[in-house]
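Text of start_38.cif (mmCIF, C-alpha atoms) as supplied:
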data_target
loop_
_atom_site.label_atom_id
_atom_site.label_comp_id
_atom_site.auth_asym_id
_atom_site.auth_seq_id
_atom_site.Cartn_x
_atom_site.Cartn_y
_atom_site.Cartn_z
CA MET C 304 -63.42 -34.43 -32.81
CA ASN C 305 -63.71 -31.14 -34.74
CA ILE C 306 -63.04 -32.02 -38.39
CA PRO C 307 -62.46 -29.10 -40.80
CA LYS C 308 -64.91 -29.19 -43.70
CA THR C 309 -63.59 -28.77 -47.22
CA ILE C 310 -65.69 -26.33 -49.24
CA ILE C 311 -66.65 -28.04 -52.49
CA ILE C 312 -67.50 -25.80 -55.43
CA ALA C 313 -69.14 -27.40 -58.46
CA GLU C 314 -68.06 -25.14 -61.31
CA ALA C 315 -70.93 -24.92 -63.77
CA GLY C 316 -69.10 -22.05 -65.46
CA VAL C 317 -70.38 -21.75 -69.01
CA ASN C 318 -71.36 -25.41 -69.31
CA HIS C 319 -75.01 -24.32 -69.48
CA ASN C 320 -74.28 -23.39 -73.13
CA GLY C 321 -76.52 -20.34 -72.74
CA ASP C 322 -79.55 -22.50 -71.90
CA LEU C 323 -81.18 -21.62 -68.57
CA ASN C 324 -82.79 -25.05 -68.30
CA ILE C 325 -79.38 -26.71 -68.51
CA ALA C 326 -78.09 -24.26 -65.88
CA LYS C 327 -80.92 -25.20 -63.52
CA GLU C 328 -80.29 -28.90 -64.08
CA LEU C 329 -76.64 -28.36 -63.21
CA ILE C 330 -77.77 -26.75 -59.94
CA GLU C 331 -79.94 -29.75 -59.12
CA VAL C 332 -77.11 -32.18 -59.88
CA ALA C 333 -74.63 -30.24 -57.74
CA ALA C 334 -77.09 -30.00 -54.86
CA SER C 335 -77.89 -33.70 -54.91
CA SER C 336 -74.17 -34.53 -54.79
CA GLY C 337 -73.69 -32.63 -51.53
CA ALA C 338 -71.51 -29.87 -52.99
CA ASP C 339 -71.52 -26.64 -50.99
CA TYR C 340 -71.64 -24.19 -53.89
CA ILE C 341 -72.42 -24.14 -57.56
CA LYS C 342 -70.54 -21.45 -59.44
CA PHE C 343 -71.33 -19.74 -62.71
CA GLN C 344 -69.52 -17.02 -64.68
CA THR C 345 -70.82 -13.46 -64.99
CA PHE C 346 -69.53 -11.35 -67.87
CA GLN C 347 -70.35 -8.99 -70.67
CA ALA C 348 -68.60 -10.37 -73.74
CA THR C 349 -67.69 -6.96 -75.14
CA GLU C 350 -66.24 -5.89 -71.77
CA LEU C 351 -64.33 -9.14 -71.29
CA ALA C 352 -62.58 -9.42 -74.66
CA ALA C 353 -61.49 -7.08 -77.44
CA LYS C 354 -62.58 -7.77 -81.00
CA SER C 355 -59.08 -8.96 -81.81
CA ALA C 356 -58.94 -11.49 -78.92
CA LEU C 357 -58.27 -15.02 -80.13
CA LYS C 358 -59.77 -18.17 -78.64
CA ALA C 359 -57.54 -20.49 -76.65
CA GLU C 360 -56.43 -23.66 -78.42
CA TYR C 361 -58.72 -25.81 -76.25
CA GLN C 362 -61.66 -23.48 -76.96
CA THR C 363 -61.12 -23.78 -80.71
CA GLU C 364 -60.82 -27.57 -80.47
CA ASN C 365 -63.90 -28.00 -78.29
CA THR C 366 -66.24 -25.59 -80.08
CA LYS C 367 -65.26 -26.67 -83.61
CA SER C 368 -66.22 -23.25 -84.87
CA SER C 369 -64.62 -20.34 -86.68
CA GLU C 370 -66.44 -17.84 -84.47
CA THR C 371 -64.37 -15.24 -82.62
CA GLN C 372 -63.89 -15.28 -78.86
CA ILE C 373 -66.47 -12.49 -78.46
CA GLU C 374 -68.99 -14.38 -80.59
CA MET C 375 -68.42 -17.51 -78.51
CA LEU C 376 -68.75 -15.59 -75.23
CA LYS C 377 -71.85 -13.71 -76.35
CA LYS C 378 -73.76 -17.00 -76.56
CA LEU C 379 -72.76 -17.83 -72.97
CA GLU C 380 -73.77 -14.59 -71.22
CA LEU C 381 -76.24 -14.71 -68.35
CA THR C 382 -78.66 -11.79 -67.96
CA SER C 383 -79.62 -10.15 -64.68
CA ASP C 384 -82.92 -12.04 -64.77
CA ASP C 385 -81.06 -15.29 -65.44
CA HIS C 386 -79.05 -14.69 -62.28
CA LEU C 387 -82.20 -14.13 -60.23
CA GLN C 388 -83.71 -17.38 -61.51
CA LEU C 389 -80.52 -19.31 -60.79
CA ILE C 390 -80.27 -17.89 -57.27
CA GLU C 391 -83.87 -18.89 -56.63
CA THR C 392 -83.21 -22.39 -57.97
CA CYS C 393 -80.23 -22.67 -55.63
CA LYS C 394 -82.39 -21.69 -52.66
CA LYS C 395 -84.96 -24.32 -53.56
CA ASN C 396 -82.24 -26.96 -53.80
CA ASN C 397 -80.39 -25.90 -50.65
CA ILE C 398 -77.08 -25.10 -52.32
CA LYS C 399 -75.21 -21.78 -52.29
CA PHE C 400 -74.94 -19.69 -55.43
CA LEU C 401 -71.61 -18.27 -56.54
CA SER C 402 -70.44 -16.61 -59.72
CA THR C 403 -67.12 -15.30 -61.01
CA PRO C 404 -67.20 -11.78 -62.43
CA PHE C 405 -64.93 -10.91 -65.35
CA ASP C 406 -65.55 -7.17 -65.73
CA PHE C 407 -66.67 -4.14 -63.72
CA GLU C 408 -70.31 -4.26 -64.84
CA SER C 409 -70.48 -7.86 -63.69
CA ILE C 410 -68.96 -6.98 -60.31
CA GLU C 411 -71.68 -4.36 -59.85
CA LEU C 412 -74.40 -6.84 -60.84
CA LEU C 413 -73.19 -9.43 -58.33
CA LYS C 414 -72.91 -6.74 -55.65
CA LYS C 415 -76.55 -5.77 -56.25
CA LEU C 416 -77.46 -9.45 -55.93
CA LYS C 417 -75.83 -9.40 -52.47
CA ILE C 418 -73.03 -11.81 -53.34
CA SER C 419 -70.63 -11.66 -50.38
CA LEU C 420 -68.01 -14.24 -51.41
CA TRP C 421 -65.88 -13.23 -54.35
CA LYS C 422 -64.17 -15.61 -56.75
CA ILE C 423 -61.40 -13.99 -58.80
CA PRO C 424 -60.40 -16.09 -61.83
CA SER C 425 -56.80 -16.81 -62.79
CA GLY C 426 -56.93 -14.46 -65.76
CA GLU C 427 -57.57 -11.45 -63.52
CA ILE C 428 -54.69 -12.01 -61.08
CA THR C 429 -52.68 -9.28 -62.85
CA ASN C 430 -55.67 -6.91 -63.29
CA LEU C 431 -54.91 -4.25 -60.68
CA PRO C 432 -58.10 -2.14 -61.10
CA PHE C 433 -60.22 -5.30 -60.91
CA LEU C 434 -58.41 -6.49 -57.78
CA LYS C 435 -58.76 -3.05 -56.14
CA LYS C 436 -62.50 -2.99 -56.78
CA ILE C 437 -63.18 -6.39 -55.24
CA GLY C 438 -60.64 -5.83 -52.47
CA SER C 439 -62.47 -2.64 -51.45
CA PHE C 440 -65.47 -4.68 -50.31
CA GLY C 441 -63.52 -6.28 -47.45
CA GLU C 442 -65.36 -9.54 -48.01
CA PRO C 443 -63.98 -13.12 -48.33
CA ILE C 444 -62.08 -13.74 -51.56
CA ILE C 445 -61.10 -16.90 -53.42
CA LEU C 446 -58.27 -16.15 -55.85
CA SER C 447 -57.26 -18.66 -58.52
CA SER C 448 -53.56 -18.59 -59.37
CA GLY C 449 -53.32 -20.39 -62.71
CA MET C 450 -50.56 -19.17 -65.05
CA SER C 451 -48.94 -17.18 -62.21
CA ASN C 452 -45.71 -17.26 -60.28
CA LEU C 453 -45.15 -16.49 -56.59
CA GLY C 454 -44.28 -12.85 -57.32
CA GLU C 455 -47.58 -12.29 -59.14
CA ILE C 456 -49.53 -13.96 -56.35
CA GLU C 457 -47.77 -11.77 -53.78
CA ALA C 458 -48.52 -8.64 -55.80
CA ALA C 459 -52.20 -9.57 -56.07
CA ILE C 460 -52.47 -10.25 -52.33
CA ASN C 461 -50.83 -6.89 -51.60
CA VAL C 462 -53.36 -5.07 -53.82
CA LEU C 463 -56.26 -6.83 -52.11
CA GLU C 464 -54.89 -6.03 -48.65
CA LYS C 465 -54.19 -2.37 -49.42
CA SER C 466 -57.71 -2.10 -50.85
CA GLY C 467 -59.29 -3.25 -47.61
CA THR C 468 -59.39 -7.07 -47.48
CA SER C 469 -57.62 -8.90 -44.66
CA ARG C 470 -55.27 -11.70 -45.68
CA SER C 471 -57.09 -13.90 -43.16
CA ILE C 472 -60.15 -14.05 -45.44
CA ILE C 473 -58.25 -14.64 -48.69
CA THR C 474 -57.91 -18.20 -50.03
CA ILE C 475 -55.52 -18.89 -52.90
CA LEU C 476 -56.41 -21.75 -55.23
CA HIS C 477 -53.50 -23.50 -56.90
CA CYS C 478 -54.48 -24.16 -60.50
CA THR C 479 -53.12 -25.25 -63.88
CA SER C 480 -54.92 -23.22 -66.55
CA GLU C 481 -55.16 -25.80 -69.30
CA TYR C 482 -58.29 -27.78 -70.16
CA PRO C 483 -57.75 -30.58 -69.38
CA ALA C 484 -54.57 -30.03 -67.38
CA PRO C 485 -51.77 -32.58 -68.01
CA MET C 486 -50.94 -34.63 -64.92
CA SER C 487 -47.26 -33.81 -65.39
CA GLU C 488 -48.08 -30.11 -64.97
CA VAL C 489 -50.32 -30.33 -61.90
CA ASN C 490 -47.46 -29.70 -59.43
CA LEU C 491 -49.77 -30.18 -56.46
CA ASN C 492 -46.97 -29.49 -53.98
CA ALA C 493 -47.04 -25.87 -55.16
CA MET C 494 -50.24 -25.50 -53.15
CA LYS C 495 -48.22 -26.00 -49.98
CA THR C 496 -45.55 -23.64 -51.30
CA ILE C 497 -48.18 -20.90 -51.64
CA GLN C 498 -49.46 -21.59 -48.13
CA ASN C 499 -45.98 -21.45 -46.60
CA ALA C 500 -44.95 -18.36 -48.58
CA PHE C 501 -47.92 -16.16 -47.74
CA GLY C 502 -49.59 -17.64 -44.66
CA VAL C 503 -52.94 -17.90 -46.43
CA LYS C 504 -55.57 -20.59 -46.68
CA VAL C 505 -55.16 -22.61 -49.85
CA GLY C 506 -57.23 -24.83 -52.09
CA TYR C 507 -57.19 -26.36 -55.53
CA SER C 508 -59.04 -25.57 -58.75
CA ASP C 509 -58.92 -28.85 -60.63
CA HIS C 510 -58.84 -28.99 -64.43
CA THR C 511 -57.48 -32.53 -64.69
CA VAL C 512 -59.38 -35.53 -66.03
CA GLY C 513 -60.95 -37.58 -63.23
CA ILE C 514 -61.26 -36.87 -59.52
CA GLU C 515 -58.10 -38.29 -57.95
CA ILE C 516 -56.15 -35.02 -57.96
CA SER C 517 -58.95 -33.27 -56.07
CA LEU C 518 -58.86 -36.05 -53.48
CA ALA C 519 -55.08 -35.78 -53.22
CA ALA C 520 -55.36 -32.01 -52.75
CA VAL C 521 -57.71 -32.49 -49.79
CA ALA C 522 -55.25 -34.95 -48.25
CA LEU C 523 -52.55 -32.26 -48.65
CA GLY C 524 -54.66 -29.68 -46.84
CA ALA C 525 -56.84 -27.95 -49.45
CA SER C 526 -59.63 -26.02 -47.73
CA ILE C 527 -61.52 -25.50 -51.01
CA ILE C 528 -61.92 -27.74 -54.05
CA GLU C 529 -63.32 -26.36 -57.28
CA LYS C 530 -64.16 -28.73 -60.13
CA HIS C 531 -65.92 -28.15 -63.45
CA LEU C 532 -69.27 -29.93 -63.81
CA THR C 533 -71.10 -30.90 -66.98
CA LEU C 534 -74.19 -32.93 -67.68
CA ASP C 535 -72.35 -34.69 -70.52
CA ARG C 536 -68.73 -34.33 -71.67
CA ARG C 537 -69.86 -34.91 -75.26
CA MET C 538 -71.75 -31.60 -75.33
CA SER C 539 -70.40 -28.83 -77.52
CA GLY C 540 -68.69 -26.02 -75.63
CA PRO C 541 -65.27 -24.87 -74.46
CA ASP C 542 -65.14 -26.51 -71.02
CA HIS C 543 -67.14 -29.74 -71.23
CA LYS C 544 -64.22 -32.06 -71.98
CA ALA C 545 -62.33 -30.89 -68.89
CA SER C 546 -65.36 -31.35 -66.64
CA ILE C 547 -66.74 -34.22 -64.61
CA GLU C 548 -70.20 -35.72 -65.05
CA PRO C 549 -72.82 -36.12 -62.28
CA ASN C 550 -71.76 -39.61 -61.18
CA GLU C 551 -68.16 -38.47 -60.90
CA LEU C 552 -69.16 -35.45 -58.83
CA ASN C 553 -71.05 -37.76 -56.47
CA ALA C 554 -67.95 -39.92 -56.11
CA MET C 555 -65.70 -36.89 -55.59
CA VAL C 556 -67.86 -35.39 -52.86
CA ALA C 557 -68.17 -38.74 -51.08
CA GLY C 558 -64.42 -39.27 -51.37
CA ILE C 559 -63.61 -35.84 -49.97
CA ARG C 560 -65.94 -36.33 -47.00
CA ASN C 561 -64.29 -39.71 -46.30
CA ILE C 562 -60.82 -38.16 -46.50
CA GLU C 563 -61.84 -35.43 -44.06
CA GLN C 564 -62.90 -38.11 -41.59
CA ALA C 565 -59.74 -40.11 -42.22
CA LEU C 566 -57.39 -37.15 -41.69
CA GLY C 567 -58.62 -36.74 -38.13
CA ASP C 568 -57.01 -34.53 -35.49
CA GLY C 569 -53.48 -35.89 -35.74
CA ILE C 570 -53.34 -37.15 -32.14
CA LYS C 571 -51.94 -40.67 -32.05
CA THR C 572 -53.87 -42.73 -29.51
CA PRO C 573 -55.91 -45.96 -29.63
CA THR C 574 -59.29 -45.29 -31.19
CA PRO C 575 -62.55 -46.48 -29.60
CA SER C 576 -62.86 -49.31 -32.12
CA GLU C 577 -59.25 -50.39 -31.52
CA ILE C 578 -59.41 -50.59 -27.74
CA LYS C 579 -61.47 -53.78 -27.74
CA ASN C 580 -58.86 -55.44 -29.95
CA ILE C 581 -55.87 -54.75 -27.69
CA PRO C 582 -56.23 -57.92 -25.56
CA ILE C 583 -56.87 -59.97 -28.72
CA ALA C 584 -53.97 -58.77 -30.86
CA ARG C 585 -51.30 -58.08 -28.25
CA LYS C 586 -49.39 -60.65 -26.22
CA SER C 587 -48.56 -61.37 -22.58
CA ILE C 588 -45.87 -63.28 -20.73
CA VAL C 589 -46.99 -66.91 -20.33
CA ALA C 590 -45.56 -70.19 -19.03
CA LYS C 591 -43.65 -71.94 -21.80
CA LYS C 592 -44.01 -75.23 -19.88
CA ASN C 593 -45.21 -76.33 -16.46
CA ILE C 594 -43.65 -74.23 -13.70
CA LYS C 595 -43.68 -75.20 -10.01
CA LYS C 596 -44.05 -72.81 -7.10
CA GLY C 597 -40.54 -71.66 -6.09
CA ASP C 598 -39.03 -72.03 -9.58
CA ILE C 599 -37.15 -69.11 -11.04
CA PHE C 600 -38.55 -67.51 -14.17
CA THR C 601 -36.08 -67.94 -17.03
CA GLU C 602 -36.03 -67.64 -20.81
CA GLU C 603 -36.35 -71.43 -20.87
CA ASN C 604 -39.67 -71.59 -18.99
CA LEU C 605 -41.32 -68.33 -20.20
CA SER C 606 -42.75 -67.36 -23.57
CA VAL C 607 -44.81 -64.56 -25.13
CA LYS C 608 -48.23 -65.35 -26.57
CA ARG C 609 -51.72 -63.97 -26.99
CA PRO C 610 -53.94 -62.82 -25.31
CA GLY C 611 -52.73 -59.42 -24.22
CA ASN C 612 -54.50 -59.08 -20.87
CA GLY C 613 -51.61 -60.32 -18.73
CA ILE C 614 -48.16 -58.90 -18.01
CA SER C 615 -46.85 -56.98 -21.03
CA PRO C 616 -43.75 -58.41 -22.75
CA MET C 617 -42.27 -54.95 -22.29
CA ASN C 618 -41.75 -56.08 -18.66
CA TRP C 619 -39.85 -59.21 -19.78
CA LEU C 620 -36.53 -58.25 -18.16
CA GLU C 621 -38.24 -57.43 -14.88
CA VAL C 622 -39.94 -60.83 -14.74
CA LEU C 623 -36.78 -62.84 -15.49
CA GLY C 624 -35.14 -63.98 -12.24
CA LYS C 625 -38.29 -63.62 -10.15
CA ILE C 626 -39.57 -66.60 -8.15
CA ALA C 627 -42.87 -68.25 -9.06
CA LEU C 628 -45.35 -67.78 -6.20
CA LYS C 629 -47.59 -70.62 -7.44
CA ASP C 630 -47.72 -73.48 -9.90
CA TYR C 631 -48.29 -72.70 -13.61
CA GLN C 632 -49.47 -74.92 -16.42
CA GLU C 633 -48.19 -74.46 -19.95
CA ASP C 634 -49.69 -71.29 -21.55
CA ASP C 635 -50.94 -69.92 -18.22
CA LEU C 636 -50.63 -66.14 -17.91
CA ILE C 637 -47.86 -65.20 -15.47
#
Turn the structure described in the file into structure tokens.
Amino acid sequence: MNIPKTIIIAEAGVNHNGDLNIAKELIEVAASSGADYIKFQTFQATELAAKSALKAEYQTENTKSSETQIEMLKKLELTSDDHLQLIETCKKNNIKFLSTPFDFESIELLKKLKISLWKIPSGEITNLPFLKKIGSFGEPIILSSGMSNLGEIEAAINVLEKSGTSRSIITILHCTSEYPAPMSEVNLNAMKTIQNAFGVKVGYSDHTVGIEISLAAVALGASIIEKHLTLDRRMSGPDHKASIEPNELNAMVAGIRNIEQALGDGIKTPTPSEIKNIPIARKSIVAKKNIKKGDIFTEENLSVKRPGNGISPMNWLEVLGKIALKDYQEDDLI
């Protein structure tokens, strides 16, 4: 049975807090869990945000600092050399490296590093020049759709297609861009709405607390799951509180792989392990009491009992009225 494999992306994001050693440890944790990718964020703070840009409410709460958004971002930048070290660490740990660019310089850096799978964050879904640039590569794209409506998703897909990327290699991630995302705002069925509306592959970028929504998304058909990873939710930083810790990532990956197996191919037929139980659990037509040769089978002298290796009770009406060709003891199979 050919079971589709869900791509699991452990989102390290900026949870390295600007410390390369933490970033490498996150890679090791993600690799040991069985995740397919670990993803970071590539940006130049001054290219990403204007001086006047405010921090999001969750960023202010989680950083407990009066610093500006640019000041916060500056501490979280990864240099070109940092990227090389992280890519090498990924190779050593047998996990794929991925990073989300947030500006044109970062796109160019990732292109030079031979990144061939592009993750576009929710905040860039209305950034036409950005979409055109990545779309021009004609390489697979994962587009997060947080904060967007169907019209904005359609417009983004159209830009990517006109720029040179086939819809067949675009995956849209349903997402709620709040950290953590309230359960009442997850609206997981919208993932299927996106799939039906645009005929694209879909997945889920999970910002909720816990792992159950990611598991539910896989059961609903998500081809990609992205989930923020931290070494410790108590660490200072904008995204730690909305992230899962290593033991939770292990449980999520294991759960997703089990769900993949459980979903199966959709063909309803007895499974190999069930077949041996058919004669045990099903029933056959048996003698309700002693029956002599020449007697007529009636509802008074027949019954239905286990085991199931005799005449099926589905043939009950055909057996009634027939003549016994031999003697039967009570409970004998007819």
CA of Glu602 in chain C and CA of Ala584 in chain C are how many Å apart?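 Separating CA of Glu602 in chain C from CA of Ala584 in chain C is a distance of 22.4 Å.
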Hits from the PyMOL selection byres ((chain C and resi 323) around 10), listed as a PyMOL selection string: chain C and resi 319-322+324-329+381+385-386+388-389
Given all atoms listed in the file as the counted atoms, nearest of C:Gly513, C:Gly524, C:Gly426, C:Pro575 to Leu351 in chain C: C:Gly426
Counting all atoms listed in the file, give me one row per residue of range 513-602 of chain C with an atom at most 9 Å from an atom of range 472-487 of chain C, showing the shortest contact pair and its distance in Å to one decimal, sorted by chain then residue number, as JSON lines.
{"residue": "C:Ile516", "atom": "CA", "partner": "C:Met486", "partner_atom": "CA", "distance": 8.7}
{"residue": "C:Ala525", "atom": "CA", "partner": "C:Leu476", "partner_atom": "CA", "distance": 8.5}
{"residue": "C:Ser526", "atom": "CA", "partner": "C:Thr474", "partner_atom": "CA", "distance": 8.3}
{"residue": "C:Ile527", "atom": "CA", "partner": "C:Leu476", "partner_atom": "CA", "distance": 7.6}
{"residue": "C:Ile528", "atom": "CA", "partner": "C:Leu476", "partner_atom": "CA", "distance": 8.2}
{"residue": "C:Glu529", "atom": "CA", "partner": "C:Leu476", "partner_atom": "CA", "distance": 8.6}
{"residue": "C:Pro541", "atom": "CA", "partner": "C:Tyr482", "partner_atom": "CA", "distance": 8.7}
{"residue": "C:Asp542", "atom": "CA", "partner": "C:Tyr482", "partner_atom": "CA", "distance": 7.0}
{"residue": "C:Lys544", "atom": "CA", "partner": "C:Pro483", "partner_atom": "CA", "distance": 7.1}
{"residue": "C:Ala545", "atom": "CA", "partner": "C:Pro483", "partner_atom": "CA", "distance": 4.6}
{"residue": "C:Ser546", "atom": "CA", "partner": "C:Pro483", "partner_atom": "CA", "distance": 8.1}
CA of Ala359 in chain C to CA of Ile547 in chain C: how many Å, to one decimal?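 CA of Ile547 in chain C lies at a distance of 20.4 Å from CA of Ala359 in chain C.
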Return as a PDB file with C-alpha atoms, keeping the file's coordinate frame the set of residues that the PyMOL selection byres ((chain C and resi 402-414) around 6) yields on the displayed structure.
ATOM      1  CA  LYS C 342     -70.540 -21.450 -59.440  1.00  0.00           C
ATOM      2  CA  PHE C 343     -71.330 -19.740 -62.710  1.00  0.00           C
ATOM      3  CA  GLN C 344     -69.520 -17.020 -64.680  1.00  0.00           C
ATOM      4  CA  THR C 345     -70.820 -13.460 -64.990  1.00  0.00           C
ATOM      5  CA  PHE C 346     -69.530 -11.350 -67.870  1.00  0.00           C
ATOM      6  CA  LEU C 401     -71.610 -18.270 -56.540  1.00  0.00           C
ATOM      7  CA  LYS C 415     -76.550  -5.770 -56.250  1.00  0.00           C
ATOM      8  CA  LEU C 416     -77.460  -9.450 -55.930  1.00  0.00           C
ATOM      9  CA  LYS C 417     -75.830  -9.400 -52.470  1.00  0.00           C
ATOM     10  CA  ILE C 418     -73.030 -11.810 -53.340  1.00  0.00           C
ATOM     11  CA  LYS C 422     -64.170 -15.610 -56.750  1.00  0.00           C
TER      12      LYS C 422
END
Box in all listed atoms of range 631-634 of chain C, axis-aligned, with 3 Å more on each side; write out centre and edge lengths in Å to one decimal as JSON.
{"center_x": -48.9, "center_y": -73.1, "center_z": -17.6, "size_x": 7.5, "size_y": 9.6, "size_z": 13.9}
For a test of reading the model, state the distance in Å between CA of Lys435 in chain C and CA of Ile423 in chain C, rounded to one decimal.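 The value is 11.6 Å.
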Excluding Ala459 in chain C and residues on its chain fewer than 6 positions from it, collect all residues at most 9 Å away from it, counting only C-alpha atoms, and give them as a list in words.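 The neighbour list is Ile428, Thr429, Asn430, Leu431, Leu434 and Leu446 of chain C.
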So which residues get picked by the PyMOL selection byres ((chain C and resi 550-558) around 8) here, written as a list in words?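 Against this file, the PyMOL selection byres ((chain C and resi 550-558) around 8) returns the residues Ile311, Ala333, Ser336, Gly337, Ala338, Gly513, Ile514, Ser517, Leu518, Leu532, Ile547, Glu548, Pro549, Ile559, Arg560, Asn561 and Ile562 of chain C.
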